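Working notes for the structure below.
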Amino acid sequence: MCSSDLVTPRGWAVLAAGLLFIVCALGLKWADLSFVGVLSLLLFYCVLGATSFVSTFLVAAFESNLKRGSVQRQMVPAVVLAGEGAEERFTFRKIFVPPGYFLLVDDPLPARLATLSRYVVGAGARTELSLGGRLRRTPRGLYRLGPAEIYFQDLLGFTRVALASVARSEEHTSELQSPCNLVCRL
């Protein structure tokens with residue numbers, strides 16, 4: 001696993017801030033500022049080291065949870081007239097999120113749908129959890145959804161461990177001038 005894939009922009013910002021504090025402390029001869037810089041670097045490297053070590057176990061645990069449980073994605077309703085609302089739902093069955101991490105689901109939807117598809121599941125074991133959101137717009141056209149990215153992120157947001165790309169679906173709408181049908185195939 002490459003560290004550029006593991007560290008988030010927030011993690012890189014903490015690293016850069018820590019280095020900047022140390023350089024400024026050396027230039028200004030201000031000991032308190034170097035203490036803040038060392039503290040931020042220590043925090044960054046501790047979180048990075050812990051996540052690097054635990055990432056193998058996180059991925060293996062998620063894969064074993066998928067054998068017993070599931071992550072499903074569906075669009076409701078399956079047939080929608082252009083301009084009417086549709087809802088995206090993710091259902092997690094028997095998925096465990098370890099303490100100190102969030103399970104994040106992110107899918108960059110096409111810009112014409114004007115909707116962000118991002119969901120967060122907190123730590124703990126659950127038998128079933130359903131998350132969903134409405135699409136703001138459903139204009140005519142052909143839209144490809146997925147794959148949604150699923151990953152664990154530490155509580156501070158410094159590191160992210162990719163788990164899977166799942167839940168690809170296609171939506172079709174008619175090109176006719178009359179109200180069209182939006183059909184979701186999962």
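Chain labels follow the order of the structure tokens: the first chain is A, the next B, and so on; residue numbering restarts at 1 in every chain, and ligands are counted from 1 in their shown order.
Excluding A:Leu109 itself and any same-chain residue fewer than 2 positions from it, the protein and nucleic acid residues within 12 Å of it, counting only C-alpha atoms, are Glu88, Asp106, Asp107, Ala111, Arg112, Leu113, Ala114, Thr115, Leu116, Ser117, Arg118, Leu135, Arg136, Arg137, Thr138, Tyr143, Arg144, Leu145, Gly146, Pro147, Ala148, Glu149, Arg168, Ser169, Glu170 and Glu171 of chain A.
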Write the residues of the selection above to a file with N, CA and C atoms, as a compact mmCIF listing (two decimals), in the first residue's frame.
# COMPACT_ATOMS: atom_id res chain seq x y z
N GLU A 88 -31.29 6.96 -3.36
CA GLU A 88 -30.21 5.97 -3.35
C GLU A 88 -30.13 5.41 -1.93
N ASP A 106 -18.27 6.46 -0.67
CA ASP A 106 -18.22 7.67 -1.48
C ASP A 106 -18.38 7.28 -2.95
N ASP A 107 -19.28 7.95 -3.63
CA ASP A 107 -19.47 7.70 -5.06
C ASP A 107 -19.67 9.04 -5.75
N ALA A 111 -22.28 15.06 -12.66
CA ALA A 111 -22.59 16.43 -12.27
C ALA A 111 -24.04 16.81 -12.58
N ARG A 112 -24.62 16.25 -13.63
CA ARG A 112 -26.00 16.60 -14.00
C ARG A 112 -27.01 16.16 -12.95
N LEU A 113 -26.66 15.20 -12.11
CA LEU A 113 -27.57 14.78 -11.05
C LEU A 113 -27.51 15.72 -9.85
N ALA A 114 -26.48 16.58 -9.77
CA ALA A 114 -26.35 17.61 -8.74
C ALA A 114 -26.49 17.05 -7.33
N THR A 115 -25.89 15.89 -7.08
CA THR A 115 -26.01 15.25 -5.78
C THR A 115 -24.67 14.65 -5.38
N LEU A 116 -24.32 14.80 -4.10
CA LEU A 116 -23.16 14.11 -3.54
C LEU A 116 -23.64 12.80 -2.94
N SER A 117 -22.90 11.75 -3.16
CA SER A 117 -23.24 10.45 -2.59
C SER A 117 -22.12 10.07 -1.64
N ARG A 118 -22.30 10.43 -0.35
CA ARG A 118 -21.26 10.17 0.65
C ARG A 118 -21.94 9.79 1.96
N LEU A 135 -31.78 11.96 -4.74
CA LEU A 135 -31.13 12.64 -5.85
C LEU A 135 -31.85 13.97 -6.05
N ARG A 136 -31.09 15.04 -6.19
CA ARG A 136 -31.71 16.35 -6.35
C ARG A 136 -32.38 16.52 -7.70
N ARG A 137 -31.77 15.96 -8.72
CA ARG A 137 -32.30 16.10 -10.08
C ARG A 137 -32.28 14.74 -10.77
N THR A 138 -33.24 14.51 -11.64
CA THR A 138 -33.23 13.31 -12.48
C THR A 138 -33.53 13.71 -13.92
N TYR A 143 -26.88 7.60 -17.31
CA TYR A 143 -25.97 7.88 -16.20
C TYR A 143 -25.38 6.59 -15.68
N ARG A 144 -24.11 6.60 -15.48
CA ARG A 144 -23.41 5.44 -14.95
C ARG A 144 -23.04 5.75 -13.51
N LEU A 145 -23.49 4.88 -12.61
CA LEU A 145 -23.17 5.03 -11.20
C LEU A 145 -22.17 3.97 -10.79
N GLY A 146 -21.27 4.35 -9.92
CA GLY A 146 -20.34 3.40 -9.37
C GLY A 146 -19.07 3.28 -10.18
N PRO A 147 -18.15 2.54 -9.68
CA PRO A 147 -18.26 1.83 -8.42
C PRO A 147 -18.09 2.77 -7.25
N ALA A 148 -18.85 2.53 -6.21
CA ALA A 148 -18.72 3.31 -4.98
C ALA A 148 -17.43 2.88 -4.28
N GLU A 149 -16.73 3.82 -3.72
CA GLU A 149 -15.50 3.51 -2.98
C GLU A 149 -15.85 3.33 -1.51
N ARG A 168 -21.84 -1.14 -8.66
CA ARG A 168 -21.96 -0.47 -9.97
C ARG A 168 -23.39 -0.68 -10.46
N SER A 169 -23.97 0.38 -10.95
CA SER A 169 -25.30 0.26 -11.52
C SER A 169 -25.40 1.21 -12.70
N GLU A 170 -26.43 1.02 -13.51
CA GLU A 170 -26.67 1.88 -14.66
C GLU A 170 -28.07 2.40 -14.59
N GLU A 171 -28.23 3.64 -15.00
CA GLU A 171 -29.56 4.22 -15.08
C GLU A 171 -29.79 4.63 -16.53
Taking the chain letters and numbering used in this document, name the residues of stretch 1-183 of chain A that DSSP puts in alpha helix (DSSP H), as number ranges by chain. A: 3-6, 9-28, 31-68
Which residues of stretch 76-140 of chain A come within 9 Å of stretch 58-72 of chain A, and for each one, what is the closest pair of atoms and their distance in Å to one decimal, counting only C-alpha atoms, sorted by chain and residue number, as CSV?
residue,atom,partner,partner_atom,distance
A:Arg89,CA,A:Gln72,CA,8.0
A:Phe90,CA,A:Gln72,CA,5.5
A:Thr91,CA,A:Gln72,CA,5.1
A:Phe92,CA,A:Val71,CA,4.7
A:Arg93,CA,A:Gly69,CA,4.9
A:Lys94,CA,A:Gly69,CA,4.6
A:Ile95,CA,A:Asn65,CA,5.7
A:Phe96,CA,A:Asn65,CA,7.1
A:Val97,CA,A:Phe62,CA,8.4
A:Pro98,CA,A:Leu58,CA,8.0
A:Thr127,CA,A:Gly69,CA,8.6
Next, write the just-selected residues to a file, as a PDB file, in the first residue's frame, keeping N, CA and C atoms as the atom set.
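File selection.pdb, as written:
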ATOM      1  N   ARG A  89     -30.022   4.081  -1.813  1.00  0.00           N
ATOM      2  CA  ARG A  89     -29.933   3.448  -0.494  1.00  0.00           C
ATOM      3  C   ARG A  89     -28.768   2.465  -0.467  1.00  0.00           C
ATOM      4  N   PHE A  90     -28.003   2.547   0.603  1.00  0.00           N
ATOM      5  CA  PHE A  90     -26.974   1.552   0.900  1.00  0.00           C
ATOM      6  C   PHE A  90     -27.423   0.802   2.134  1.00  0.00           C
ATOM      7  N   THR A  91     -27.383  -0.526   2.082  1.00  0.00           N
ATOM      8  CA  THR A  91     -27.748  -1.359   3.225  1.00  0.00           C
ATOM      9  C   THR A  91     -26.533  -2.183   3.628  1.00  0.00           C
ATOM     10  N   PHE A  92     -26.159  -2.080   4.884  1.00  0.00           N
ATOM     11  CA  PHE A  92     -25.029  -2.821   5.445  1.00  0.00           C
ATOM     12  C   PHE A  92     -25.590  -3.884   6.370  1.00  0.00           C
ATOM     13  N   ARG A  93     -25.262  -5.145   6.103  1.00  0.00           N
ATOM     14  CA  ARG A  93     -25.703  -6.251   6.957  1.00  0.00           C
ATOM     15  C   ARG A  93     -24.473  -6.937   7.547  1.00  0.00           C
ATOM     16  N   LYS A  94     -24.442  -7.002   8.869  1.00  0.00           N
ATOM     17  CA  LYS A  94     -23.378  -7.685   9.626  1.00  0.00           C
ATOM     18  C   LYS A  94     -21.992  -7.159   9.239  1.00  0.00           C
ATOM     19  N   ILE A  95     -21.843  -5.844   9.189  1.00  0.00           N
ATOM     20  CA  ILE A  95     -20.566  -5.219   8.893  1.00  0.00           C
ATOM     21  C   ILE A  95     -20.058  -4.574  10.170  1.00  0.00           C
ATOM     22  N   PHE A  96     -18.871  -4.953  10.594  1.00  0.00           N
ATOM     23  CA  PHE A  96     -18.267  -4.433  11.824  1.00  0.00           C
ATOM     24  C   PHE A  96     -17.297  -3.299  11.478  1.00  0.00           C
ATOM     25  N   VAL A  97     -17.420  -2.202  12.206  1.00  0.00           N
ATOM     26  CA  VAL A  97     -16.498  -1.077  12.060  1.00  0.00           C
ATOM     27  C   VAL A  97     -15.669  -1.019  13.335  1.00  0.00           C
ATOM     28  N   PRO A  98     -14.335  -1.170  13.237  1.00  0.00           N
ATOM     29  CA  PRO A  98     -13.501  -1.212  14.440  1.00  0.00           C
ATOM     30  C   PRO A  98     -13.450   0.135  15.152  1.00  0.00           C
ATOM     31  N   THR A 127     -26.320  -5.351  13.175  1.00  0.00           N
ATOM     32  CA  THR A 127     -26.875  -6.428  12.365  1.00  0.00           C
ATOM     33  C   THR A 127     -27.330  -5.883  11.021  1.00  0.00           C
TER      34      THR A 127
END
As a PyMOL selection string, which residues of chain A does DSSP assign to strand (DSSP E or B)? chain A and resi 7+70-76+79-81+87-93+96-97+101-107+117-121+124-125+128-134+142-145+148-154+159-166+169-173+181-185
Point-to-point distance in Å for atom CA of A:Leu6 and atom CA of A:Val38: 21.5 Å
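The neighbours of A:Thr8 here are the residues that come within 7 Å of it, using only C-alpha atoms and leaving out any residue fewer than 3 positions away in the same chain; they are Gly11, Trp12, Gly157, Phe158, Thr159 and Arg160 of chain A.
Among A:Ile150, A:Val7, A:Leu28, A:Val14, the residue with the shortest atom-to-atom distance to A:Leu48, counting only C-alpha atoms, is A:Val7.
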May I ask which of the residues A:Ser52, A:Pro9, A:Leu15, A:Gly133 is the closest one to A:Gly37, counting only C-alpha atoms? A:Leu15
Quick one: residues within 9 Å of A:Leu41, only C-alpha atoms, excluding same-chain residues fewer than 5 positions away - as a ChimeraX atom specification? /A:14-19,36,46
I need the residues from that last selection saved to file as a PDB file, in the first residue's frame (with all heavy atoms), if you can.
ATOM      1  N   VAL A  14      -1.317  18.354   8.147  1.00  0.00           N
ATOM      2  CA  VAL A  14      -0.755  18.279   9.503  1.00  0.00           C
ATOM      3  C   VAL A  14       0.753  18.065   9.435  1.00  0.00           C
ATOM      4  O   VAL A  14       1.506  18.685  10.190  1.00  0.00           O
ATOM      5  CB  VAL A  14      -1.446  17.164  10.322  1.00  0.00           C
ATOM      6  CG1 VAL A  14      -0.697  16.856  11.601  1.00  0.00           C
ATOM      7  CG2 VAL A  14      -2.880  17.547  10.614  1.00  0.00           C
ATOM      8  N   LEU A  15       1.202  17.215   8.521  1.00  0.00           N
ATOM      9  CA  LEU A  15       2.636  17.001   8.341  1.00  0.00           C
ATOM     10  C   LEU A  15       3.329  18.296   7.924  1.00  0.00           C
ATOM     11  O   LEU A  15       4.349  18.688   8.495  1.00  0.00           O
ATOM     12  CB  LEU A  15       2.889  15.906   7.304  1.00  0.00           C
ATOM     13  CG  LEU A  15       4.351  15.623   6.941  1.00  0.00           C
ATOM     14  CD1 LEU A  15       5.102  15.093   8.148  1.00  0.00           C
ATOM     15  CD2 LEU A  15       4.433  14.666   5.786  1.00  0.00           C
ATOM     16  N   ALA A  16       2.770  18.999   6.943  1.00  0.00           N
ATOM     17  CA  ALA A  16       3.364  20.255   6.467  1.00  0.00           C
ATOM     18  C   ALA A  16       3.352  21.316   7.557  1.00  0.00           C
ATOM     19  O   ALA A  16       4.337  22.058   7.729  1.00  0.00           O
ATOM     20  CB  ALA A  16       2.608  20.750   5.231  1.00  0.00           C
ATOM     21  N   ALA A  17       2.264  21.391   8.319  1.00  0.00           N
ATOM     22  CA  ALA A  17       2.194  22.377   9.412  1.00  0.00           C
ATOM     23  C   ALA A  17       3.227  22.082  10.481  1.00  0.00           C
ATOM     24  O   ALA A  17       3.882  23.007  10.998  1.00  0.00           O
ATOM     25  CB  ALA A  17       0.791  22.388  10.012  1.00  0.00           C
ATOM     26  N   GLY A  18       3.403  20.805  10.823  1.00  0.00           N
ATOM     27  CA  GLY A  18       4.411  20.446  11.817  1.00  0.00           C
ATOM     28  C   GLY A  18       5.807  20.817  11.367  1.00  0.00           C
ATOM     29  O   GLY A  18       6.605  21.364  12.144  1.00  0.00           O
ATOM     30  N   LEU A  19       6.118  20.516  10.105  1.00  0.00           N
ATOM     31  CA  LEU A  19       7.437  20.885   9.575  1.00  0.00           C
ATOM     32  C   LEU A  19       7.614  22.401   9.527  1.00  0.00           C
ATOM     33  O   LEU A  19       8.689  22.922   9.860  1.00  0.00           O
ATOM     34  CB  LEU A  19       7.631  20.279   8.189  1.00  0.00           C
ATOM     35  CG  LEU A  19       7.749  18.755   8.135  1.00  0.00           C
ATOM     36  CD1 LEU A  19       7.759  18.275   6.695  1.00  0.00           C
ATOM     37  CD2 LEU A  19       8.981  18.287   8.879  1.00  0.00           C
ATOM     38  N   VAL A  36       5.054  22.631  19.590  1.00  0.00           N
ATOM     39  CA  VAL A  36       3.817  22.406  18.836  1.00  0.00           C
ATOM     40  C   VAL A  36       4.130  21.631  17.550  1.00  0.00           C
ATOM     41  O   VAL A  36       3.394  20.716  17.166  1.00  0.00           O
ATOM     42  CB  VAL A  36       3.112  23.741  18.524  1.00  0.00           C
ATOM     43  CG1 VAL A  36       1.937  23.531  17.577  1.00  0.00           C
ATOM     44  CG2 VAL A  36       2.644  24.412  19.796  1.00  0.00           C
ATOM     45  N   CYS A  46       2.307   8.766  14.589  1.00  0.00           N
ATOM     46  CA  CYS A  46       1.664   7.715  15.390  1.00  0.00           C
ATOM     47  C   CYS A  46       0.410   7.187  14.686  1.00  0.00           C
ATOM     48  O   CYS A  46       0.203   5.977  14.606  1.00  0.00           O
ATOM     49  CB  CYS A  46       1.316   8.238  16.777  1.00  0.00           C
ATOM     50  SG  CYS A  46       2.730   8.390  17.865  1.00  0.00           S
TER      51      CYS A  46
END
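Atom to atom, atom CA of A:Val76 and atom CA of A:Gly132 stand 9.8 Å apart.
The smallest atom-to-atom distance between A:Ala162 and any of A:Ser34, A:Ser40, A:Thr56, A:Ser130, using only C-alpha atoms, is found for A:Thr56.
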